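Student: Would you mind keeping the following structure in view while I ask a few things?
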Amino acid sequence: MATPKVILYYAFAPLADPEAVRLWQHTLAESLGLRGRVIVSSHGINGTLGGDVVELKKYARGLRSYAPFKDADIKWSAGEALPDGTTALFPKLSVKVRDELVAFGAPDEVEVDGEGVVDGGTKLTPEQLHELVEREEVVFFDGRNRIESEIGRFRDAVRPPVDTTREFLGLLDSGAYDHLKDKPVVTYCTGGIRCEVLTPLMRKRGFREVYQLDGGIARYGETFGDDGLWEGSMYVFDGRGATDFSDHTALVGRCDRCDQPTNTARDCSDIACVAQFARCDTCADLDLACATHAA
């Protein structure tokens with residue numbers, strides 16, 4: 001593999017036949033030797049794929065050649081290759097049809113038209129985000145899961161204590177964040193797609209001034225690296241585990257055993273357990289079980 005890369009992308013558009021799109025996507029990605037995960041729904045497409053930069057560029061052109069996906073937001077990052085030339089970050093290619101692109105458990109609450117998600121938050125570029133922060137006292141609201149925010153987040157962000165995306169609506173409906181409804185709230189997530197769905201759900205629940213970081217943490221990191229408002233590493237759902245934006249990335253996570261700084265998220269060693277946690281290398285060498293399954 002000449003230059004291994006990873007792309008993260010999504011596009012919201014009404015799709016009359018998601019299964020036909022799934023078949024096309026699987027054929028396209030497989031023909032180019034790409035691996036990763038693609039989700040298709042009646043609301044659009046969301047994917048992360050790894051492979052050679054040349055083949056990924058062919059894939060991106062093919063994706064955008066389909067009119068509903070012509071404006072797909074594609075973000076690029078460094079990949080890793082195995083000796084046989086395949087991507088080291090994804091074990092296989094998976095292309096599936098789901099009810100939701102992001103599993104908030106509210107497919108009927110989200111409306112999508114030819115322009116994208118209806119009634120979502122106001123989108124901010126990284127530069128516009130800085131302008132807003134200079135003008136107003138904003139609240140950063142993390143649209144990711146607990147382990148993701150543990151190893152990296154915007155300074156002083158609200159970090160919902162959720163282990164899955166489906167838990168967000170229960171927290172919002174519980175009134176836990178009602179005190180934020182009259183404040184300017186800036187949501188953020190890895191590549192932007194979760195906020196595309198989260199912001200209209202928040203607006204439906206009475207949050208009056210809701211923004212979303214366009215392109216998510218990935219695009220913010222491309223723009224300002226570690227010299228802005230972001231602190232720590234960005235969690236990613238592939239073999240890398242996390243990525244950094246500079247050579248001076250702060251360690252903001254804390255080891256769940258010894259409380260030393262770390263940016264490493266681990267999986268519980270019990271194969272029946274789905275728990276993840278931050279744990280430093282020293283403690284991981286001693287034990288890779290979560291607190292529940294520790295000896």
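Here, A, B, ... name the chains of the structure tokens in the order displayed, residue numbers run from 1 inside each chain, and ligands are numbered from 1 in the same displayed order.
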Could you go through region 1-222 of chain A and tell me which residues DSSP, when run on the backbone, assigns to strand (DSSP E), listing them as a count of residues only?

Tutor: 60

Student: With only C-alpha atoms as the counted atoms, please give the residues lying no more than 6 Å from region 65-75 of chain A, apart from itself and same-chain residues fewer than 4 positions off, as a PDB file with C-alpha atoms, in the first residue's frame.

Tutor:
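The result, stored in around27.pdb:
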ATOM      1  CA  ILE A   7     -11.871   8.527   5.471  1.00  0.00           C
ATOM      2  CA  LEU A   8     -14.759   9.471   7.737  1.00  0.00           C
ATOM      3  CA  TYR A   9     -17.860  10.730   5.963  1.00  0.00           C
ATOM      4  CA  TYR A  10     -21.614  11.165   5.964  1.00  0.00           C
ATOM      5  CA  ALA A  11     -24.420  12.642   3.896  1.00  0.00           C
ATOM      6  CA  ALA A  13     -30.536  12.808   2.071  1.00  0.00           C
TER       7      ALA A  13
END

Student: Rank nothing, just name the residue among A:Ser77, A:Thr164, A:Ser174, A:Ser149 nearest to Ala265 (chain A), using only C-alpha atoms.

Tutor: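 Of all the options, A:Ser149 lies closest to Ala265 (chain A).
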
Student: Neighbouring residues of Trp24 (chain A) were defined as those with any atom within 12 Å, considering only C-alpha atoms; residues of the same chain fewer than 2 positions away were excluded. Please report them as a list in words.

Tutor: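 Answer for this query is Asp17, Pro18, Glu19, Ala20, Val21, Arg22, His26, Thr27, Leu28, Ala29, Glu30, Ser31, Val38, Val40, Tyr59, Gly62, Leu63, Tyr66, Val95 and Lys96 of chain A.
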
Student: Using only N, CA and C atoms, please write the residues we just selected to a file, as a PDB file, in the first residue's frame.

Tutor:
ATOM      1  N   ASP A  17     -34.673   3.765  -1.588  1.00  0.00           N
ATOM      2  CA  ASP A  17     -34.328   2.342  -1.602  1.00  0.00           C
ATOM      3  C   ASP A  17     -32.947   2.130  -0.961  1.00  0.00           C
ATOM      4  N   PRO A  18     -32.886   2.145   0.371  1.00  0.00           N
ATOM      5  CA  PRO A  18     -31.590   1.977   1.061  1.00  0.00           C
ATOM      6  C   PRO A  18     -30.892   0.660   0.703  1.00  0.00           C
ATOM      7  N   GLU A  19     -31.650  -0.401   0.460  1.00  0.00           N
ATOM      8  CA  GLU A  19     -31.022  -1.684   0.137  1.00  0.00           C
ATOM      9  C   GLU A  19     -30.271  -1.624  -1.183  1.00  0.00           C
ATOM     10  N   ALA A  20     -30.813  -0.926  -2.163  1.00  0.00           N
ATOM     11  CA  ALA A  20     -30.114  -0.773  -3.435  1.00  0.00           C
ATOM     12  C   ALA A  20     -28.830   0.016  -3.252  1.00  0.00           C
ATOM     13  N   VAL A  21     -28.876   1.037  -2.402  1.00  0.00           N
ATOM     14  CA  VAL A  21     -27.683   1.827  -2.111  1.00  0.00           C
ATOM     15  C   VAL A  21     -26.650   0.961  -1.388  1.00  0.00           C
ATOM     16  N   ARG A  22     -27.111   0.108  -0.475  1.00  0.00           N
ATOM     17  CA  ARG A  22     -26.192  -0.794   0.243  1.00  0.00           C
ATOM     18  C   ARG A  22     -25.450  -1.700  -0.733  1.00  0.00           C
ATOM     19  N   HIS A  26     -21.419  -1.658  -1.274  1.00  0.00           N
ATOM     20  CA  HIS A  26     -20.588  -2.834  -1.000  1.00  0.00           C
ATOM     21  C   HIS A  26     -19.753  -3.191  -2.232  1.00  0.00           C
ATOM     22  N   THR A  27     -20.388  -3.156  -3.393  1.00  0.00           N
ATOM     23  CA  THR A  27     -19.666  -3.472  -4.632  1.00  0.00           C
ATOM     24  C   THR A  27     -18.544  -2.480  -4.890  1.00  0.00           C
ATOM     25  N   LEU A  28     -18.836  -1.202  -4.705  1.00  0.00           N
ATOM     26  CA  LEU A  28     -17.841  -0.158  -4.938  1.00  0.00           C
ATOM     27  C   LEU A  28     -16.649  -0.300  -3.999  1.00  0.00           C
ATOM     28  N   ALA A  29     -16.908  -0.394  -2.699  1.00  0.00           N
ATOM     29  CA  ALA A  29     -15.821  -0.474  -1.724  1.00  0.00           C
ATOM     30  C   ALA A  29     -15.019  -1.757  -1.885  1.00  0.00           C
ATOM     31  N   GLU A  30     -15.712  -2.875  -2.131  1.00  0.00           N
ATOM     32  CA  GLU A  30     -15.014  -4.162  -2.279  1.00  0.00           C
ATOM     33  C   GLU A  30     -14.134  -4.164  -3.517  1.00  0.00           C
ATOM     34  N   SER A  31     -14.604  -3.560  -4.600  1.00  0.00           N
ATOM     35  CA  SER A  31     -13.821  -3.542  -5.836  1.00  0.00           C
ATOM     36  C   SER A  31     -12.530  -2.755  -5.690  1.00  0.00           C
ATOM     37  N   VAL A  38     -19.875   0.863   6.808  1.00  0.00           N
ATOM     38  CA  VAL A  38     -20.773   1.801   6.148  1.00  0.00           C
ATOM     39  C   VAL A  38     -22.197   1.489   6.591  1.00  0.00           C
ATOM     40  N   VAL A  40     -26.246   2.560   5.896  1.00  0.00           N
ATOM     41  CA  VAL A  40     -27.197   3.227   5.009  1.00  0.00           C
ATOM     42  C   VAL A  40     -28.558   3.177   5.667  1.00  0.00           C
ATOM     43  N   TYR A  59     -13.031   5.961  -4.549  1.00  0.00           N
ATOM     44  CA  TYR A  59     -14.280   5.724  -3.821  1.00  0.00           C
ATOM     45  C   TYR A  59     -15.018   7.043  -3.587  1.00  0.00           C
ATOM     46  N   GLY A  62     -16.718   8.166  -6.660  1.00  0.00           N
ATOM     47  CA  GLY A  62     -17.891   7.351  -6.921  1.00  0.00           C
ATOM     48  C   GLY A  62     -19.038   7.714  -6.003  1.00  0.00           C
ATOM     49  N   LEU A  63     -18.736   7.912  -4.726  1.00  0.00           N
ATOM     50  CA  LEU A  63     -19.759   8.288  -3.747  1.00  0.00           C
ATOM     51  C   LEU A  63     -20.442   9.586  -4.158  1.00  0.00           C
ATOM     52  N   TYR A  66     -23.170  10.137  -7.096  1.00  0.00           N
ATOM     53  CA  TYR A  66     -24.590   9.898  -6.850  1.00  0.00           C
ATOM     54  C   TYR A  66     -25.177  11.189  -6.295  1.00  0.00           C
ATOM     55  N   VAL A  95     -21.180  -3.394   5.255  1.00  0.00           N
ATOM     56  CA  VAL A  95     -22.115  -2.403   4.724  1.00  0.00           C
ATOM     57  C   VAL A  95     -23.522  -2.877   5.085  1.00  0.00           C
ATOM     58  N   LYS A  96     -24.217  -2.104   5.916  1.00  0.00           N
ATOM     59  CA  LYS A  96     -25.514  -2.538   6.435  1.00  0.00           C
ATOM     60  C   LYS A  96     -26.566  -1.451   6.307  1.00  0.00           C
TER      61      LYS A  96
END

Student: At a cut-off of 12 Å, can you tabulate as a Markdown table every residue of region 167-277 of chain A near region 121-143 of chain A together with its closest atom pair and the distance in Å to one decimal, using only C-alpha atoms and ordering rows by chain then number?

Tutor:
| residue | atom | partner | partner_atom | distance |
| --- | --- | --- | --- | --- |
| A:Glu167 | CA | A:Gly143 | CA | 11.1 |
| A:Phe168 | CA | A:Gly143 | CA | 8.4 |
| A:Leu169 | CA | A:Gly143 | CA | 11.3 |
| A:Leu172 | CA | A:Gly143 | CA | 11.9 |
| A:Tyr177 | CA | A:Phe141 | CA | 10.2 |
| A:His179 | CA | A:Val139 | CA | 11.1 |
| A:Leu180 | CA | A:Val139 | CA | 7.9 |
| A:Lys181 | CA | A:Val139 | CA | 10.5 |
| A:Asp182 | CA | A:Val139 | CA | 10.7 |
| A:Lys183 | CA | A:Val138 | CA | 7.0 |
| A:Pro184 | CA | A:Val138 | CA | 5.2 |
| A:Val185 | CA | A:Val139 | CA | 4.8 |
| A:Val186 | CA | A:Phe140 | CA | 4.8 |
| A:Thr187 | CA | A:Phe141 | CA | 4.7 |
| A:Tyr188 | CA | A:Asp142 | CA | 5.5 |
| A:Cys189 | CA | A:Gly143 | CA | 5.2 |
| A:Thr190 | CA | A:Gly143 | CA | 8.6 |
| A:Gly191 | CA | A:Gly143 | CA | 10.7 |
| A:Gly192 | CA | A:Gly143 | CA | 9.2 |
| A:Ile193 | CA | A:Gly143 | CA | 9.7 |
| A:Arg194 | CA | A:Gly143 | CA | 6.6 |
| A:Cys195 | CA | A:Gly143 | CA | 6.4 |
| A:Glu196 | CA | A:Gly121 | CA | 7.4 |
| A:Val197 | CA | A:Gly121 | CA | 9.1 |
| A:Leu198 | CA | A:Gly143 | CA | 7.3 |
| A:Thr199 | CA | A:Gly121 | CA | 5.1 |
| A:Pro200 | CA | A:Gly121 | CA | 6.5 |
| A:Leu201 | CA | A:Gly121 | CA | 9.6 |
| A:Met202 | CA | A:Gly121 | CA | 8.8 |
| A:Arg203 | CA | A:Gly121 | CA | 7.8 |
| A:Lys204 | CA | A:Gly121 | CA | 11.1 |
| A:Phe207 | CA | A:Gly121 | CA | 10.0 |
| A:Arg208 | CA | A:Gly121 | CA | 9.7 |
| A:Glu209 | CA | A:Gly121 | CA | 7.9 |
| A:Val210 | CA | A:Gly121 | CA | 5.0 |
| A:Tyr211 | CA | A:Thr122 | CA | 4.5 |
| A:Gln212 | CA | A:Lys123 | CA | 5.0 |
| A:Leu213 | CA | A:Leu124 | CA | 5.1 |
| A:Asp214 | CA | A:Lys123 | CA | 5.4 |
| A:Gly215 | CA | A:Thr125 | CA | 7.8 |
| A:Gly216 | CA | A:Pro126 | CA | 8.8 |
| A:Ile217 | CA | A:Pro126 | CA | 9.1 |
| A:Ala218 | CA | A:Pro126 | CA | 10.3 |
| A:Arg219 | CA | A:Pro126 | CA | 7.5 |
| A:Tyr220 | CA | A:Pro126 | CA | 5.4 |
| A:Gly221 | CA | A:Pro126 | CA | 8.8 |
| A:Glu222 | CA | A:Pro126 | CA | 9.4 |
| A:Thr223 | CA | A:Pro126 | CA | 6.9 |
| A:Phe224 | CA | A:Pro126 | CA | 7.9 |
| A:Gly225 | CA | A:Pro126 | CA | 10.8 |
| A:Asp227 | CA | A:His130 | CA | 12.0 |
| A:Gly228 | CA | A:His130 | CA | 8.6 |
| A:Leu229 | CA | A:His130 | CA | 8.4 |
| A:Trp230 | CA | A:Phe140 | CA | 10.8 |

Student: So, counting only C-alpha atoms, which residue among A:Ser42, A:Arg266, A:Ala289, A:Leu34 is closest to Asp108 (chain A)?

Tutor: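 Between A:Ser42, A:Arg266, A:Ala289, A:Leu34, the residue approaching Asp108 (chain A) most closely is A:Ser42.
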
Student: Taking only C-alpha atoms into account, name the residue in A:Phe12, A:Phe90, A:Thr264, A:Ala242 that is nearest to Gly114 (chain A).

Tutor: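 So, comparing all the options, the nearest one is A:Phe12.
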
Student: Quick one: everything within 7 Å of region 268-285 of chain A, counting only C-alpha atoms, minus sequence neighbours fewer than 6 positions away in the same chain. Send it as a list of chain:residue names.

Tutor: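 Skipping anything fewer than 6 positions along the chain leaves A:Ile147, A:Gly253, A:Arg254, A:Cys255, A:Asp256, A:Arg257, A:Thr262.
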
Student: How about saving the chosen residues, C-alpha atoms kept, as a PDB file, in the first residue's frame?

Tutor:
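Just written: out28.pdb:
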ATOM      1  CA  ILE A 147     -15.152   6.843  27.305  1.00  0.00           C
ATOM      2  CA  GLY A 253      -7.673  11.069  30.751  1.00  0.00           C
ATOM      3  CA  ARG A 254      -7.032   9.399  34.087  1.00  0.00           C
ATOM      4  CA  CYS A 255      -6.216   5.732  34.595  1.00  0.00           C
ATOM      5  CA  ASP A 256      -9.138   4.011  36.321  1.00  0.00           C
ATOM      6  CA  ARG A 257      -6.694   2.089  38.536  1.00  0.00           C
ATOM      7  CA  THR A 262      -3.371   8.483  30.013  1.00  0.00           C
TER       8      THR A 262
END

Student: Which of region 4-191 of chain A end up as helix (DSSP H, G or I) when DSSP is run on this backbone - answer as number ranges by chain?

Tutor: A: 18-31, 53-65, 67-69, 107-109, 126-135, 146-151, 165-174, 178-180
